[in-house]
Amino acid sequence: MGEAFFTGVTEPIRYGGPDSTDPLEFKVWQPERLVLGKPMVEWLRPGVCVWHSFSWDGRDMFGAGTLDRPWLGGADDMAASRERLAAAFEFLAKLGAPYYCFHDRDVAPEGSSFAEFRANLDALADEAAGYQEQTGVRLLWGTANLFTDPRYQAGAATNPDPEVFAYAAAQVKHMLEVTQRLGGTNYVLWGGREGYDTLLNTDLRREGEQLARFLHLVVEHKARIGFGGQLLIEPKPMEPTKHQYDYDAQSVHGFLARHGLDGEYRLNIEANHATLAGHSFHHEVAYAAANGMLGSIDANRGDPQVGWDTDQFPNSVDDLVMPLYEILRAGGLGQGGFNFDAKLRRQSTDRDDLFHAHVGALDTLAMALLAAADLVERGDLAAGVEARYAGWGGELGRSILGGGLSLADLEARVAAGAISPVRRSGGQERLENVVNRSVWSAARKA
Ligand code: XLS
Ligand code: CA
Ligand code: CA
């Protein structure tokens, strides 16, 4: 690799253990440490995102960039793009994160035509392939940016203009192929501006049909090129539009089922999008796991006092332990992983701040994994749930679910006095203590 950008960190970040006072050593994250018989790294498959960490200079809607990002150089040309890729892989190698994720536009300049953009992306994908080879870092997922350019102001697949649909299709086709070429194990579709700002100019029925057609086209192309990765949809309820169609896990699942697509896509669940939808991250992961839709995770957090998608780095074990418990019980994420779709605060201007953010996020995730594994090993939470539903394994429960009893049959049994339910405590506070016990016990064993 060429000239170093992250000169404050000369060696790969090491494990220093829970008592280490070095802020740039891991306290918990040990990729090879066995958890429930599998290395941590295989459960978590953590990745760094290119957009927030390398393509963003700290600008917001009120002001210019603040971050020290020499590789951005103020230009959106091939030379600056090569620098950015070099910076990203230098960082990845020093952090020791095994995966990364990017949008086509995070790495390639737009150029003056689609053909030029495609050529730019191909050339930079070749460079990325070389860096992957050198560092051992792999691609967790690729995606196409269908929201930044003004042509997408009214959506991509759901745009009133079929020419915009076609443009988006061209971009996705090519990025799917680039993802395949780089060995990506997933391809993500986040419905950037697939939604509306006002219903006064929006035909909901048409837009739904357009979106379904688009998703079918992606499935067809995946089969045509033999892409072995998973297709993922990332729900988000609002922002940038007032209402986004891929609102949450359950509405995406319903949409897919309605259009015969539910075997083709799984979900990329983002923590901050869950809370924007008025759910907990736990809810979204649990829904996906319960319905065979668990694909991958965008790990971050919102701010309870700020109503939008702040995309902060995850730093709360309590927030992550139950989502991880669901993931462990589902057997893991398979081809998915934990992508840190998180950005620094605008005042964290030093280059090294990016290390502090990722070191903390990896440690937090690792600690939550240990706590979740403790919960799985002790088994009392699961046993309690099992016992709570035990009646459904008895004659009455099996007959109801098996379709053997009508409303009239049930009425007859109740009227005959054969059925008289008794009150049972849900024991929520006791169970909350069980979770805390595992959090504290895992912290002692870390
Ligand atoms: C935006 C989304 C986006 C997707 C990828 O809110 O999180 O970054 O993850 O397009
Ligand atoms: Ca995301
Ligand atoms: Ca987000």
# chains A, B, ... in the order shown; residues from 1 in each chain; ligands from 1
call {"tool": "select_by_dssp", "arguments": {"residues": "range 277-313 of chain A", "states": "alpha helix (DSSP H)", "output": "ChimeraX atom specification"}}
result
/A:281-290
call {"tool": "residues_near_ligand", "arguments": {"ligand": "ligand 1", "cutoff": "7 Å", "atoms": "only C-alpha atoms and all ligand atoms", "output": "list in words"}}
result
His103, Thr143, Asn145, Val188, Leu189, Trp190, Gly192, Glu234, Glu270, Asp298, Asp309 and Asp341 of chain A
call {"tool": "write_last_selection", "arguments": {"atoms": "N, CA and C atoms", "output": "PDB file, in the first residue's frame"}}
result
ATOM      1  N   HIS A 103     -21.547   1.755  -1.509  1.00  0.00           N
ATOM      2  CA  HIS A 103     -22.433   2.096  -2.633  1.00  0.00           C
ATOM      3  C   HIS A 103     -21.530   2.382  -3.841  1.00  0.00           C
ATOM      4  N   THR A 143     -24.102  -2.039  -2.872  1.00  0.00           N
ATOM      5  CA  THR A 143     -25.415  -1.447  -3.126  1.00  0.00           C
ATOM      6  C   THR A 143     -25.243  -0.284  -4.102  1.00  0.00           C
ATOM      7  N   ASN A 145     -26.313   3.625  -5.132  1.00  0.00           N
ATOM      8  CA  ASN A 145     -26.876   4.861  -4.594  1.00  0.00           C
ATOM      9  C   ASN A 145     -27.944   5.367  -5.566  1.00  0.00           C
ATOM     10  N   VAL A 188     -27.552  -5.229  -1.150  1.00  0.00           N
ATOM     11  CA  VAL A 188     -28.601  -4.532  -0.388  1.00  0.00           C
ATOM     12  C   VAL A 188     -29.373  -3.538  -1.260  1.00  0.00           C
ATOM     13  N   LEU A 189     -30.678  -3.519  -1.067  1.00  0.00           N
ATOM     14  CA  LEU A 189     -31.515  -2.475  -1.670  1.00  0.00           C
ATOM     15  C   LEU A 189     -32.164  -1.709  -0.535  1.00  0.00           C
ATOM     16  N   TRP A 190     -31.695  -0.489  -0.363  1.00  0.00           N
ATOM     17  CA  TRP A 190     -32.366   0.402   0.586  1.00  0.00           C
ATOM     18  C   TRP A 190     -33.187   1.378  -0.252  1.00  0.00           C
ATOM     19  N   GLY A 192     -33.986   4.295  -0.914  1.00  0.00           N
ATOM     20  CA  GLY A 192     -33.583   5.691  -0.696  1.00  0.00           C
ATOM     21  C   GLY A 192     -34.702   6.715  -0.706  1.00  0.00           C
ATOM     22  N   GLU A 234     -33.532  -3.161   3.005  1.00  0.00           N
ATOM     23  CA  GLU A 234     -33.294  -2.489   4.290  1.00  0.00           C
ATOM     24  C   GLU A 234     -34.466  -1.575   4.614  1.00  0.00           C
ATOM     25  N   GLU A 270     -31.536  -2.218  10.280  1.00  0.00           N
ATOM     26  CA  GLU A 270     -30.694  -1.182  10.897  1.00  0.00           C
ATOM     27  C   GLU A 270     -31.315  -0.741  12.226  1.00  0.00           C
ATOM     28  N   ASP A 298     -27.354  -3.564  10.128  1.00  0.00           N
ATOM     29  CA  ASP A 298     -26.624  -2.298  10.114  1.00  0.00           C
ATOM     30  C   ASP A 298     -26.574  -1.822  11.555  1.00  0.00           C
ATOM     31  N   ASP A 309     -32.325  10.184  12.055  1.00  0.00           N
ATOM     32  CA  ASP A 309     -31.416   9.067  11.848  1.00  0.00           C
ATOM     33  C   ASP A 309     -29.992   9.565  12.125  1.00  0.00           C
ATOM     34  N   ASP A 341     -22.894   0.936  10.047  1.00  0.00           N
ATOM     35  CA  ASP A 341     -23.437   2.046   9.265  1.00  0.00           C
ATOM     36  C   ASP A 341     -23.591   3.207  10.253  1.00  0.00           C
TER      37      ASP A 341
END
call {"tool": "residues_near_ligand", "arguments": {"ligand": "ligand 2", "cutoff": "12 Å", "atoms": "only C-alpha atoms and all ligand atoms", "output": "JSON, numbers by chain"}}
result
{"A": [48, 49, 50, 51, 52, 101, 102, 103, 141, 142, 143, 145, 188, 189, 190, 191, 192, 232, 233, 234, 235, 236, 239, 267, 268, 269, 270, 271, 272, 273, 274, 296, 297, 298, 299, 300, 301, 309, 310, 311, 312, 338, 339, 340, 341, 342, 343]}
call {"tool": "write_last_selection", "arguments": {"atoms": "C-alpha atoms", "output": "JSON list (two decimals), in the first residue's frame"}}
result
[["chain", "number", "residue", "atom", "x", "y", "z"],
["A", 48, "VAL", "CA", -16.91, -0.90, 8.01],
["A", 49, "CYS", "CA", -18.98, 1.28, 5.68],
["A", 50, "VAL", "CA", -17.23, 3.39, 3.09],
["A", 51, "TRP", "CA", -19.87, 6.14, 2.85],
["A", 52, "HIS", "CA", -19.86, 7.58, 6.38],
["A", 101, "CYS", "CA", -19.59, -2.32, 2.41],
["A", 102, "PHE", "CA", -20.05, 0.38, -0.21],
["A", 103, "HIS", "CA", -22.43, 2.10, -2.63],
["A", 141, "TRP", "CA", -22.30, -6.17, 0.64],
["A", 142, "GLY", "CA", -22.57, -3.79, -2.25],
["A", 143, "THR", "CA", -25.41, -1.45, -3.13],
["A", 145, "ASN", "CA", -26.88, 4.86, -4.59],
["A", 188, "VAL", "CA", -28.60, -4.53, -0.39],
["A", 189, "LEU", "CA", -31.52, -2.48, -1.67],
["A", 190, "TRP", "CA", -32.37, 0.40, 0.59],
["A", 191, "GLY", "CA", -35.35, 2.34, -0.76],
["A", 192, "GLY", "CA", -33.58, 5.69, -0.70],
["A", 232, "LEU", "CA", -31.51, -7.87, 1.13],
["A", 233, "ILE", "CA", -34.01, -5.06, 1.60],
["A", 234, "GLU", "CA", -33.29, -2.49, 4.29],
["A", 235, "PRO", "CA", -36.42, -1.08, 5.94],
["A", 236, "LYS", "CA", -36.68, 2.54, 7.01],
["A", 239, "GLU", "CA", -36.20, 10.20, 5.78],
["A", 267, "LEU", "CA", -33.84, -8.12, 5.50],
["A", 268, "ASN", "CA", -30.97, -5.86, 6.40],
["A", 269, "ILE", "CA", -32.12, -4.51, 9.75],
["A", 270, "GLU", "CA", -30.69, -1.18, 10.90],
["A", 271, "ALA", "CA", -30.94, -0.33, 14.61],
["A", 272, "ASN", "CA", -31.60, 3.38, 14.07],
["A", 273, "HIS", "CA", -34.27, 2.67, 11.45],
["A", 274, "ALA", "CA", -36.05, 0.38, 13.92],
["A", 296, "SER", "CA", -27.82, -8.85, 7.95],
["A", 297, "ILE", "CA", -27.51, -5.98, 10.41],
["A", 298, "ASP", "CA", -26.62, -2.30, 10.11],
["A", 299, "ALA", "CA", -25.24, -1.61, 13.57],
["A", 300, "ASN", "CA", -25.64, 1.92, 14.90],
["A", 301, "ARG", "CA", -27.85, 3.83, 17.28],
["A", 309, "ASP", "CA", -31.42, 9.07, 11.85],
["A", 310, "THR", "CA", -28.27, 10.15, 13.71],
["A", 311, "ASP", "CA", -26.36, 6.97, 12.79],
["A", 312, "GLN", "CA", -24.14, 7.00, 15.89],
["A", 338, "PHE", "CA", -22.73, -6.46, 11.31],
["A", 339, "ASN", "CA", -22.01, -3.44, 9.15],
["A", 340, "PHE", "CA", -21.15, -0.33, 11.14],
["A", 341, "ASP", "CA", -23.44, 2.05, 9.27],
["A", 342, "ALA", "CA", -22.43, 4.77, 11.68],
["A", 343, "LYS", "CA", -20.80, 8.14, 11.44]]
call {"tool": "residues_around", "arguments": {"residues": "range 66-74 of chain A", "least_positions_apart": "5", "cutoff": "9 Å", "atoms": "only C-alpha atoms", "output": "VMD selection string"}}
result
chain A and resid 5 54 to 59 80 to 87 346 to 351
call {"tool": "select_by_dssp", "arguments": {"residues": "range 267-309 of chain A", "states": "strand (DSSP E or B)", "output": "PyMOL selection string"}}
result
chain A and resi 267-270+294-298+301+303+306
call {"tool": "closest_residue", "arguments": {"among": "A:Glu326, A:Glu194, A:Asp352, A:Asp319", "to": "Leu211 in chain A", "atoms": "only C-alpha atoms"}}
result
A:Glu194
call {"tool": "residues_around", "arguments": {"residues": "range 90-93 of chain A", "least_positions_apart": "3", "cutoff": "12 Å", "atoms": "only C-alpha atoms", "output": "MDAnalysis selection string"}}
result
chainID A and resid 1:14 46:50 53:54 71 83:87 96:101 128 131:139 351:356 358:359
call {"tool": "write_last_selection", "arguments": {"atoms": "N, CA and C atoms", "output": "compact mmCIF listing (two decimals), in the first residue's frame"}}
result
# COMPACT_ATOMS: atom_id res chain seq x y z
N MET A 1 0.83 -1.20 0.00
CA MET A 1 0.00 0.00 0.00
C MET A 1 0.87 1.26 0.00
N GLY A 2 0.34 2.33 -0.56
CA GLY A 2 1.15 3.55 -0.71
C GLY A 2 1.30 4.33 0.58
N GLU A 3 1.28 5.64 0.45
CA GLU A 3 1.50 6.54 1.58
C GLU A 3 0.41 6.35 2.67
N ALA A 4 0.85 6.45 3.95
CA ALA A 4 -0.11 6.22 5.03
C ALA A 4 -0.90 7.49 5.34
N PHE A 5 -2.20 7.33 5.56
CA PHE A 5 -3.04 8.44 6.00
C PHE A 5 -3.24 8.41 7.51
N PHE A 6 -3.26 7.19 8.06
CA PHE A 6 -3.54 7.06 9.49
C PHE A 6 -2.22 6.86 10.24
N THR A 7 -1.42 7.91 10.24
CA THR A 7 -0.08 7.79 10.82
C THR A 7 -0.09 7.71 12.35
N GLY A 8 -1.22 8.10 12.95
CA GLY A 8 -1.35 8.01 14.41
C GLY A 8 -1.42 6.56 14.89
N VAL A 9 -1.72 5.66 13.99
CA VAL A 9 -1.81 4.24 14.34
C VAL A 9 -0.84 3.51 13.42
N THR A 10 0.25 3.01 14.00
CA THR A 10 1.27 2.42 13.13
C THR A 10 1.15 0.91 13.01
N GLU A 11 0.57 0.29 14.05
CA GLU A 11 0.45 -1.18 14.07
C GLU A 11 -1.03 -1.54 14.00
N PRO A 12 -1.34 -2.76 13.61
CA PRO A 12 -2.73 -3.19 13.74
C PRO A 12 -3.17 -3.13 15.21
N ILE A 13 -4.42 -2.74 15.44
CA ILE A 13 -4.96 -2.62 16.81
C ILE A 13 -4.95 -4.00 17.47
N ARG A 14 -4.46 -4.05 18.72
CA ARG A 14 -4.32 -5.34 19.39
C ARG A 14 -5.36 -5.50 20.50
N PRO A 46 -18.09 -8.54 11.31
CA PRO A 46 -18.24 -7.09 11.31
C PRO A 46 -17.60 -6.39 10.11
N GLY A 47 -18.22 -5.31 9.72
CA GLY A 47 -17.73 -4.58 8.56
C GLY A 47 -17.79 -3.06 8.76
N VAL A 48 -17.00 -2.37 7.95
CA VAL A 48 -16.91 -0.90 8.01
C VAL A 48 -17.57 -0.35 6.74
N CYS A 49 -18.35 0.73 6.88
CA CYS A 49 -18.98 1.28 5.68
C CYS A 49 -18.13 2.39 5.09
N VAL A 50 -18.07 2.40 3.78
CA VAL A 50 -17.23 3.39 3.09
C VAL A 50 -17.87 4.78 3.12
N SER A 53 -17.63 6.65 6.66
CA SER A 53 -16.29 6.69 7.22
C SER A 53 -15.24 7.27 6.26
N PHE A 54 -15.47 7.16 4.95
CA PHE A 54 -14.42 7.63 4.02
C PHE A 54 -14.90 8.62 2.97
N TRP A 71 -7.74 12.64 1.92
CA TRP A 71 -7.95 11.85 0.70
C TRP A 71 -9.13 12.34 -0.11
N GLU A 83 -7.24 7.62 -3.89
CA GLU A 83 -6.74 7.95 -2.55
C GLU A 83 -7.72 7.46 -1.49
N ARG A 84 -8.99 7.68 -1.75
CA ARG A 84 -10.02 7.29 -0.78
C ARG A 84 -10.00 5.78 -0.54
N LEU A 85 -9.85 5.03 -1.63
CA LEU A 85 -9.81 3.57 -1.51
C LEU A 85 -8.57 3.15 -0.72
N ALA A 86 -7.46 3.84 -0.99
CA ALA A 86 -6.22 3.52 -0.26
C ALA A 86 -6.42 3.80 1.22
N ALA A 87 -7.04 4.93 1.55
CA ALA A 87 -7.27 5.28 2.95
C ALA A 87 -8.17 4.24 3.61
N GLY A 96 -8.34 -4.28 11.59
CA GLY A 96 -8.51 -5.74 11.61
C GLY A 96 -9.96 -6.15 11.44
N ALA A 97 -10.78 -5.28 10.84
CA ALA A 97 -12.17 -5.66 10.57
C ALA A 97 -12.18 -6.51 9.30
N PRO A 98 -12.91 -7.61 9.32
CA PRO A 98 -12.83 -8.51 8.17
C PRO A 98 -13.63 -8.10 6.94
N TYR A 99 -14.60 -7.16 7.09
CA TYR A 99 -15.49 -6.85 5.96
C TYR A 99 -15.62 -5.35 5.73
N TYR A 100 -16.12 -5.01 4.54
CA TYR A 100 -16.51 -3.63 4.26
C TYR A 100 -17.74 -3.64 3.36
N CYS A 101 -18.39 -2.48 3.24
CA CYS A 101 -19.59 -2.32 2.41
C CYS A 101 -19.51 -0.98 1.69
N ALA A 128 -10.00 -2.24 -5.85
CA ALA A 128 -10.52 -2.81 -4.59
C ALA A 128 -10.20 -4.30 -4.53
N TYR A 131 -6.70 -4.67 -3.35
CA TYR A 131 -6.57 -4.42 -1.90
C TYR A 131 -7.15 -5.59 -1.10
N GLN A 132 -8.26 -6.15 -1.58
CA GLN A 132 -8.87 -7.29 -0.87
C GLN A 132 -7.86 -8.44 -0.79
N GLU A 133 -7.21 -8.65 -1.92
CA GLU A 133 -6.20 -9.71 -2.03
C GLU A 133 -5.05 -9.47 -1.03
N GLN A 134 -4.58 -8.21 -1.01
CA GLN A 134 -3.45 -7.87 -0.13
C GLN A 134 -3.78 -7.96 1.35
N THR A 135 -5.01 -7.52 1.71
CA THR A 135 -5.34 -7.37 3.14
C THR A 135 -6.17 -8.53 3.69
N GLY A 136 -6.81 -9.31 2.82
CA GLY A 136 -7.70 -10.37 3.29
C GLY A 136 -9.09 -9.84 3.67
N VAL A 137 -9.30 -8.52 3.53
CA VAL A 137 -10.62 -7.95 3.83
C VAL A 137 -11.60 -8.37 2.73
N ARG A 138 -12.83 -8.70 3.12
CA ARG A 138 -13.81 -9.15 2.12
C ARG A 138 -15.02 -8.22 2.06
N LEU A 139 -15.76 -8.34 0.97
CA LEU A 139 -16.93 -7.47 0.78
C LEU A 139 -18.16 -8.12 1.42
N ARG A 351 -8.42 12.20 12.49
CA ARG A 351 -8.49 10.93 11.77
C ARG A 351 -8.57 9.76 12.74
N ASP A 352 -7.88 9.86 13.87
CA ASP A 352 -7.89 8.75 14.83
C ASP A 352 -9.25 8.53 15.48
N ASP A 353 -10.11 9.55 15.44
CA ASP A 353 -11.45 9.37 16.02
C ASP A 353 -12.17 8.19 15.36
N LEU A 354 -11.85 7.95 14.10
CA LEU A 354 -12.48 6.84 13.39
C LEU A 354 -12.08 5.49 14.01
N PHE A 355 -10.84 5.42 14.50
CA PHE A 355 -10.42 4.20 15.21
C PHE A 355 -11.15 4.07 16.54
N HIS A 356 -11.19 5.17 17.30
CA HIS A 356 -11.86 5.10 18.61
C HIS A 356 -13.31 4.62 18.44
N HIS A 358 -14.67 2.78 16.02
CA HIS A 358 -14.80 1.37 15.65
C HIS A 358 -14.30 0.42 16.73
N VAL A 359 -13.28 0.83 17.47
CA VAL A 359 -12.79 -0.01 18.57
C VAL A 359 -13.90 -0.16 19.61
call {"tool": "residues_around", "arguments": {"residues": "Gly16 in chain A", "least_positions_apart": "4", "cutoff": "9 Å", "atoms": "only C-alpha atoms", "output": "PyMOL selection string"}}
result
chain A and resi 20-22+24-28
call {"tool": "residues_around", "arguments": {"residues": "Glu110 in chain A", "least_positions_apart": "3", "cutoff": "12 Å", "atoms": "only C-alpha atoms", "output": "list of chain:residue names"}}
result
A:Ala75, A:Asp76, A:Asp77, A:Met78, A:Ser81, A:Asp104, A:Arg105, A:Asp106, A:Val107, A:Ser113, A:Phe114, A:Ala115, A:Glu116, A:Phe117, A:Arg118, A:Ala119, A:Asn120, A:Leu121, A:Asn145, A:Thr148, A:Asp149, A:Gln171
call {"tool": "atom_distance", "arguments": {"atom1": "CA of Arg258 in chain A", "atom2": "CA of Gln230 in chain A"}}
result
19.9 Å
call {"tool": "closest_residue", "arguments": {"among": "A:Ala415, A:Ile327, A:Leu204, A:Trp308", "to": "ligand 3", "atoms": "only C-alpha atoms and all ligand atoms"}}
result
A:Trp308
call {"tool": "residues_around", "arguments": {"residues": "range 382-399 of chain A", "least_positions_apart": "5", "cutoff": "10 Å", "atoms": "only C-alpha atoms", "output": "number ranges by chain"}}
result
A: 329, 375-377, 404-406, 410, 419, 424-427, 431
call {"tool": "write_last_selection", "arguments": {"atoms": "all heavy atoms", "output": "short mmCIF file (atom, residue, chain, number, x, y, z; two decimals), in the first residue's frame"}}
result
data_model
loop_
_atom_site.label_atom_id
_atom_site.label_comp_id
_atom_site.auth_asym_id
_atom_site.auth_seq_id
_atom_site.Cartn_x
_atom_site.Cartn_y
_atom_site.Cartn_z
N ARG A 329 -30.02 -17.62 18.68
CA ARG A 329 -31.05 -18.66 18.69
C ARG A 329 -31.48 -19.03 17.27
O ARG A 329 -31.96 -20.13 17.02
CB ARG A 329 -32.24 -18.23 19.53
CG ARG A 329 -31.80 -18.07 20.97
CD ARG A 329 -32.80 -18.36 22.05
NE ARG A 329 -34.11 -18.74 21.67
CZ ARG A 329 -34.68 -19.91 22.00
NH1 ARG A 329 -34.01 -20.78 22.68
NH2 ARG A 329 -35.92 -20.16 21.64
N LEU A 375 -26.94 -16.05 28.16
CA LEU A 375 -28.39 -16.27 28.23
C LEU A 375 -28.79 -17.57 27.54
O LEU A 375 -29.64 -18.32 28.02
CB LEU A 375 -29.12 -15.12 27.53
CG LEU A 375 -29.55 -13.92 28.33
CD1 LEU A 375 -30.19 -12.89 27.40
CD2 LEU A 375 -30.55 -14.31 29.42
N VAL A 376 -28.17 -17.82 26.39
CA VAL A 376 -28.48 -19.05 25.65
C VAL A 376 -28.02 -20.26 26.46
O VAL A 376 -28.76 -21.23 26.63
CB VAL A 376 -27.78 -19.06 24.26
CG1 VAL A 376 -27.90 -20.42 23.59
CG2 VAL A 376 -28.37 -17.98 23.36
N GLU A 377 -26.81 -20.17 27.02
CA GLU A 377 -26.26 -21.32 27.77
C GLU A 377 -27.08 -21.64 29.01
O GLU A 377 -27.35 -22.79 29.30
CB GLU A 377 -24.82 -21.03 28.18
CG GLU A 377 -23.84 -21.57 27.18
CD GLU A 377 -22.41 -21.11 27.43
OE1 GLU A 377 -22.22 -20.13 28.18
OE2 GLU A 377 -21.50 -21.75 26.87
N GLY A 404 -59.23 -28.89 14.02
CA GLY A 404 -60.24 -29.88 14.42
C GLY A 404 -61.38 -29.31 15.25
O GLY A 404 -62.34 -30.03 15.53
N LEU A 405 -61.32 -28.06 15.62
CA LEU A 405 -62.38 -27.49 16.47
C LEU A 405 -62.94 -26.21 15.85
O LEU A 405 -62.18 -25.33 15.47
CB LEU A 405 -61.82 -27.19 17.87
CG LEU A 405 -61.43 -28.40 18.73
CD1 LEU A 405 -60.72 -27.94 20.00
CD2 LEU A 405 -62.66 -29.24 19.09
N SER A 406 -64.26 -26.14 15.77
CA SER A 406 -64.93 -24.94 15.25
C SER A 406 -65.24 -24.00 16.41
O SER A 406 -65.10 -24.37 17.58
CB SER A 406 -66.23 -25.34 14.55
OG SER A 406 -67.10 -25.88 15.54
N LEU A 410 -65.85 -25.02 20.41
CA LEU A 410 -65.19 -24.34 21.53
C LEU A 410 -66.23 -23.80 22.49
O LEU A 410 -66.10 -23.90 23.71
CB LEU A 410 -64.26 -23.23 21.01
CG LEU A 410 -63.03 -23.77 20.26
CD1 LEU A 410 -62.30 -22.65 19.54
CD2 LEU A 410 -62.07 -24.48 21.21
N ILE A 419 -63.63 -25.88 30.38
CA ILE A 419 -62.53 -24.93 30.17
C ILE A 419 -62.70 -23.76 31.11
O ILE A 419 -63.74 -23.08 31.07
CB ILE A 419 -62.53 -24.47 28.70
CG1 ILE A 419 -62.04 -25.62 27.82
CG2 ILE A 419 -61.66 -23.23 28.51
CD1 ILE A 419 -62.03 -25.32 26.35
N ARG A 424 -51.97 -16.35 34.93
CA ARG A 424 -50.55 -16.66 35.17
C ARG A 424 -49.73 -15.41 34.95
O ARG A 424 -49.92 -14.70 33.97
CB ARG A 424 -50.06 -17.73 34.19
CG ARG A 424 -50.59 -19.10 34.49
CD ARG A 424 -49.80 -20.19 33.75
NE ARG A 424 -50.46 -21.49 33.95
CZ ARG A 424 -51.44 -21.94 33.17
NH1 ARG A 424 -51.85 -21.23 32.15
NH2 ARG A 424 -52.01 -23.10 33.42
N SER A 425 -48.77 -15.19 35.81
CA SER A 425 -47.94 -13.99 35.69
C SER A 425 -47.01 -14.08 34.49
O SER A 425 -46.45 -15.14 34.20
CB SER A 425 -47.09 -13.80 36.96
OG SER A 425 -46.18 -12.74 36.74
N GLY A 426 -46.86 -12.96 33.79
CA GLY A 426 -45.88 -12.90 32.70
C GLY A 426 -44.47 -12.67 33.24
O GLY A 426 -43.49 -12.87 32.51
N GLY A 427 -44.36 -12.25 34.48
CA GLY A 427 -43.06 -12.17 35.16
C GLY A 427 -42.04 -11.25 34.51
O GLY A 427 -40.84 -11.52 34.55
N LEU A 431 -37.84 -11.48 34.54
CA LEU A 431 -37.09 -11.79 33.30
C LEU A 431 -36.08 -10.70 32.98
O LEU A 431 -34.98 -10.97 32.48
CB LEU A 431 -38.07 -11.99 32.15
CG LEU A 431 -39.03 -13.16 32.38
CD1 LEU A 431 -40.11 -13.19 31.31
CD2 LEU A 431 -38.26 -14.49 32.39
#
call {"tool": "closest_residue", "arguments": {"among": "A:His282, A:Arg181, A:His259, A:Lys38", "to": "His216 in chain A", "atoms": "only C-alpha atoms"}}
result
A:His259
call {"tool": "closest_residue", "arguments": {"among": "A:Ala418, A:Val306, A:Pro237, A:Gly155", "to": "ligand 3", "atoms": "only C-alpha atoms and all ligand atoms"}}
result
A:Pro237
call {"tool": "closest_residue", "arguments": {"among": "A:Leu199, A:Ala371, A:Val285, A:Ala277", "to": "ligand 3", "atoms": "only C-alpha atoms and all ligand atoms"}}
result
A:Ala277
